[in-house]
Amino acid sequence: MASTAPNSLLSTHKSSDSSLNIHLHPLILLTISDYITRHTLRRYQTPIVGALLGQQNGRDITLEHAFECDLIQNNDQIQLHETWFKDRLQQYKDVHLAPALELMGWFTTTAVTGPEGIHVPIHQQILQQNETAVLLAFHPSSVLEGAAVGGKLPLTIYESVYESGEAGDRSMEIDGQDSPLDLRFRELPYSVETGEAEMISVDFVARSGGNATAVDGTVKKNEKAQASQAPVGQVDEKGKATAKETKAAEDSSILSAEDEELVASLTARANAVKMLHIRIRLLKSYLNSLPLSYLTTPAPPISDADSTSAPHTDTSTSTPEINHPLLRSILAILSCLPLLLPPAHLSNFHQETLAEKSDVELISLLGSLGRSVKDAREMGRKFGVVENVKSQGKKGYINMGALGEDMWDGEGKDVGSITLTRGEDGWVYE
């Protein structure tokens with residue numbers, strides 16, 4: 001068996017201790033798996049390319065999120081759509097602010113041998129955003145061949161380095177002449193890192209994968225081929241034309257991408273409802289198998305026949321063991337059901353909601369009333385001070401007018417007196 005030729009894009013130097021330390025999160029693997037599945041079912045011919053978001057702290061890089069990218073063809077080269085990519089990257093940055101995520105690299109599907117020439121233009125575009133961008137290469141062939149069994153993930157992470165030409169070319173170089181540098185990819189070690197919330201999500205997706213169903217399109221194609229082999233105008237036993245059935249089958253098998261997503265969503269919901277129904281029936285059968293409660297249900301009278309046959313009856317096998325933690329969990333679930341019941345039971349919920357709202361409004365009104373009383377007291381105090389000053393001034397003028405004042409001329413004659421009275425136009429001297 002002939003050995004495969006080495007990949008010229010791979011670096012011959014091994015990664016040193018000063019290389020990047022990659023910490024990969026499982027959410028990226030789920031995103032890549034979903035992208036590859038949709039890409040395969042829809043029979044797209046474009047390459048699978050996506051961006052990797054994460055954080056970098058020195059030589060440590062964490063890869064946390066990923067999203068697919070839009071591609072265009074420019075001068076026989078497949079590149080990223082610059083405007084679309086920048087807008088989408090900015091949207092993800094706006095969403096993931098705490099902690100802030102940056103572009104750390106990109107992912108694609110490659111052979112086990114490593115990247116190819118079509119990946120270099122895309123990587124150069126990514127390097128314009130981040131000089132230390134990495135490449136996550138997923139190997140679908142390893143999954144199909146079963147080589148990924150055993151705990152090793154079917155992927156490789158590379159960093160880009162610039163190296164000179166081959167050793168044979170360096171021997172012909174002239175001393176002092178700068179040799180051109182070529183882009184090379186060097187494999188990096190990585191570790192899988194996750195948090196508690198992410199572990200719960202991954203476990204849920206892994207368990208739900210057992211309920212997923214795959215639709216094989218080859219079966220429909222074989223049925224169409226068999227139907228097309230029948231002669232035109234042939235009539236079956238029921239008297240229906242075969243050509244019409246073939247046309248109807250073709251029309252029913254054509255689904256758009258939106259229809260496929262809708263069917264997948266409805267199938268997932270149907271599976272969830274079916275699983276919920278199974279669990280409810282299981283709990284109901286368990287509760288029905290329990291003995292009667294001596295707290296709520298009166299014990300039936302024991303007859304003489306029962307008393308005589310009681311010593312011969314073995315109830316250890318018929319009566320299940322009471323699981324009190326399970327009963328408490330069921331009671332907790334039942335206490336939450338009023339929030340999910342039909343509208344016939346929503347009156348209590350509305351009454352409680354109105355009571356809570358009334359309490360909040362009452363507290364707000366009491367606070368407003370207290371502030372109004374405080375303002376009224378302050379206004380009354382100021383009004384009292386002003387009225388006191390006015391009353392003291394009026395009393396002085398009135399006393400002077402009431403007492404009067406004898407007016408004498410220069411010759412000692414009594415002219416009269418002056419009286420101060422208040423009229424419509426003000427104070428008047430009389």
# chains A, B, ... in the order shown; residues from 1 in each chain; ligands from 1
>>> select_by_dssp(residues="region 29-95 of chain A", states="alpha helix (DSSP H)", output="PyMOL selection string")
chain A and resi 29-41+82-95
>>> closest_residue(among="A:Leu41, A:Leu80, A:Ala133, A:Leu53", to="Pro99 (chain A)", atoms="only C-alpha atoms")
A:Leu53
>>> residues_around(residues="Gln73 (chain A)", least_positions_apart="5", cutoff="12 Å", atoms="only C-alpha atoms", output="VMD selection string")
chain A and resid 46 to 47 78 to 82 118 121 to 122
>>> residues_around(residues="Glu116 (chain A)", least_positions_apart="5", cutoff="10 Å", atoms="only C-alpha atoms", output="ChimeraX atom specification")
/A:7-10,110-111
>>> closest_residue(among="A:Ile22, A:Leu71, A:Met104, A:Cys336", to="Gln55 (chain A)", atoms="only C-alpha atoms")
A:Met104
>>> closest_residue(among="A:Ser201, A:Asn74, A:His65, A:His324", to="Val95 (chain A)", atoms="only C-alpha atoms")
A:His65
>>> decode(residues="region 31-93 of chain A", atoms="C-alpha atoms", output="mmCIF file, in the first residue's frame")
data_model
loop_
_atom_site.group_PDB
_atom_site.id
_atom_site.type_symbol
_atom_site.label_atom_id
_atom_site.label_comp_id
_atom_site.auth_asym_id
_atom_site.auth_seq_id
_atom_site.Cartn_x
_atom_site.Cartn_y
_atom_site.Cartn_z
ATOM 1 C CA THR A 31 -22.700 24.010 17.052
ATOM 2 C CA ILE A 32 -20.375 22.353 14.526
ATOM 3 C CA SER A 33 -22.344 19.096 14.660
ATOM 4 C CA ASP A 34 -25.638 20.927 14.072
ATOM 5 C CA TYR A 35 -24.137 22.941 11.206
ATOM 6 C CA ILE A 36 -22.764 19.809 9.498
ATOM 7 C CA THR A 37 -26.090 17.992 9.904
ATOM 8 C CA ARG A 38 -28.138 20.809 8.365
ATOM 9 C CA HIS A 39 -25.554 21.315 5.619
ATOM 10 C CA THR A 40 -25.664 17.614 4.722
ATOM 11 C CA LEU A 41 -29.453 17.212 4.791
ATOM 12 C CA ARG A 42 -29.990 20.274 2.613
ATOM 13 C CA ARG A 43 -27.282 19.070 0.196
ATOM 14 C CA TYR A 44 -25.352 22.335 0.113
ATOM 15 C CA GLN A 45 -22.203 22.345 -2.005
ATOM 16 C CA THR A 46 -20.412 25.248 -0.314
ATOM 17 C CA PRO A 47 -17.684 24.530 2.253
ATOM 18 C CA ILE A 48 -18.522 24.464 5.953
ATOM 19 C CA VAL A 49 -16.925 27.526 7.540
ATOM 20 C CA GLY A 50 -17.641 29.241 10.856
ATOM 21 C CA ALA A 51 -16.063 31.641 13.333
ATOM 22 C CA LEU A 52 -14.864 30.861 16.865
ATOM 23 C CA LEU A 53 -15.376 33.282 19.750
ATOM 24 C CA GLY A 54 -13.618 33.170 23.079
ATOM 25 C CA GLN A 55 -11.135 34.860 25.374
ATOM 26 C CA GLN A 56 -7.352 35.086 25.461
ATOM 27 C CA ASN A 57 -5.287 35.531 28.589
ATOM 28 C CA GLY A 58 -1.604 35.473 27.662
ATOM 29 C CA ARG A 59 -0.935 32.128 26.029
ATOM 30 C CA ASP A 60 -4.243 30.611 27.209
ATOM 31 C CA ILE A 61 -7.141 30.694 24.732
ATOM 32 C CA THR A 62 -10.676 29.563 25.516
ATOM 33 C CA LEU A 63 -13.046 28.729 22.666
ATOM 34 C CA GLU A 64 -16.621 29.203 23.943
ATOM 35 C CA HIS A 65 -19.022 30.084 21.102
ATOM 36 C CA ALA A 66 -19.222 29.604 17.334
ATOM 37 C CA PHE A 67 -21.396 30.724 14.435
ATOM 38 C CA GLU A 68 -21.536 29.879 10.741
ATOM 39 C CA CYS A 69 -20.259 32.283 8.089
ATOM 40 C CA ASP A 70 -21.396 33.405 4.689
ATOM 41 C CA LEU A 71 -18.995 32.748 1.804
ATOM 42 C CA ILE A 72 -18.445 34.297 -1.621
ATOM 43 C CA GLN A 73 -16.273 33.332 -4.593
ATOM 44 C CA ASN A 74 -13.719 35.916 -5.672
ATOM 45 C CA ASN A 75 -11.205 35.182 -8.452
ATOM 46 C CA ASP A 76 -11.657 31.410 -8.139
ATOM 47 C CA GLN A 77 -11.069 31.686 -4.382
ATOM 48 C CA ILE A 78 -13.611 31.080 -1.658
ATOM 49 C CA GLN A 79 -13.523 33.915 0.852
ATOM 50 C CA LEU A 80 -15.601 35.355 3.643
ATOM 51 C CA HIS A 81 -18.236 37.970 2.912
ATOM 52 C CA GLU A 82 -16.463 40.905 4.564
ATOM 53 C CA THR A 83 -19.477 43.142 5.234
ATOM 54 C CA TRP A 84 -21.677 40.316 6.463
ATOM 55 C CA PHE A 85 -18.914 38.871 8.628
ATOM 56 C CA LYS A 86 -18.095 42.188 10.324
ATOM 57 C CA ASP A 87 -21.765 42.897 11.062
ATOM 58 C CA ARG A 88 -22.391 39.439 12.486
ATOM 59 C CA LEU A 89 -19.200 39.548 14.562
ATOM 60 C CA GLN A 90 -20.201 42.917 16.016
ATOM 61 C CA GLN A 91 -23.648 41.545 16.876
ATOM 62 C CA TYR A 92 -22.111 38.668 18.819
ATOM 63 C CA LYS A 93 -19.776 41.058 20.608
#
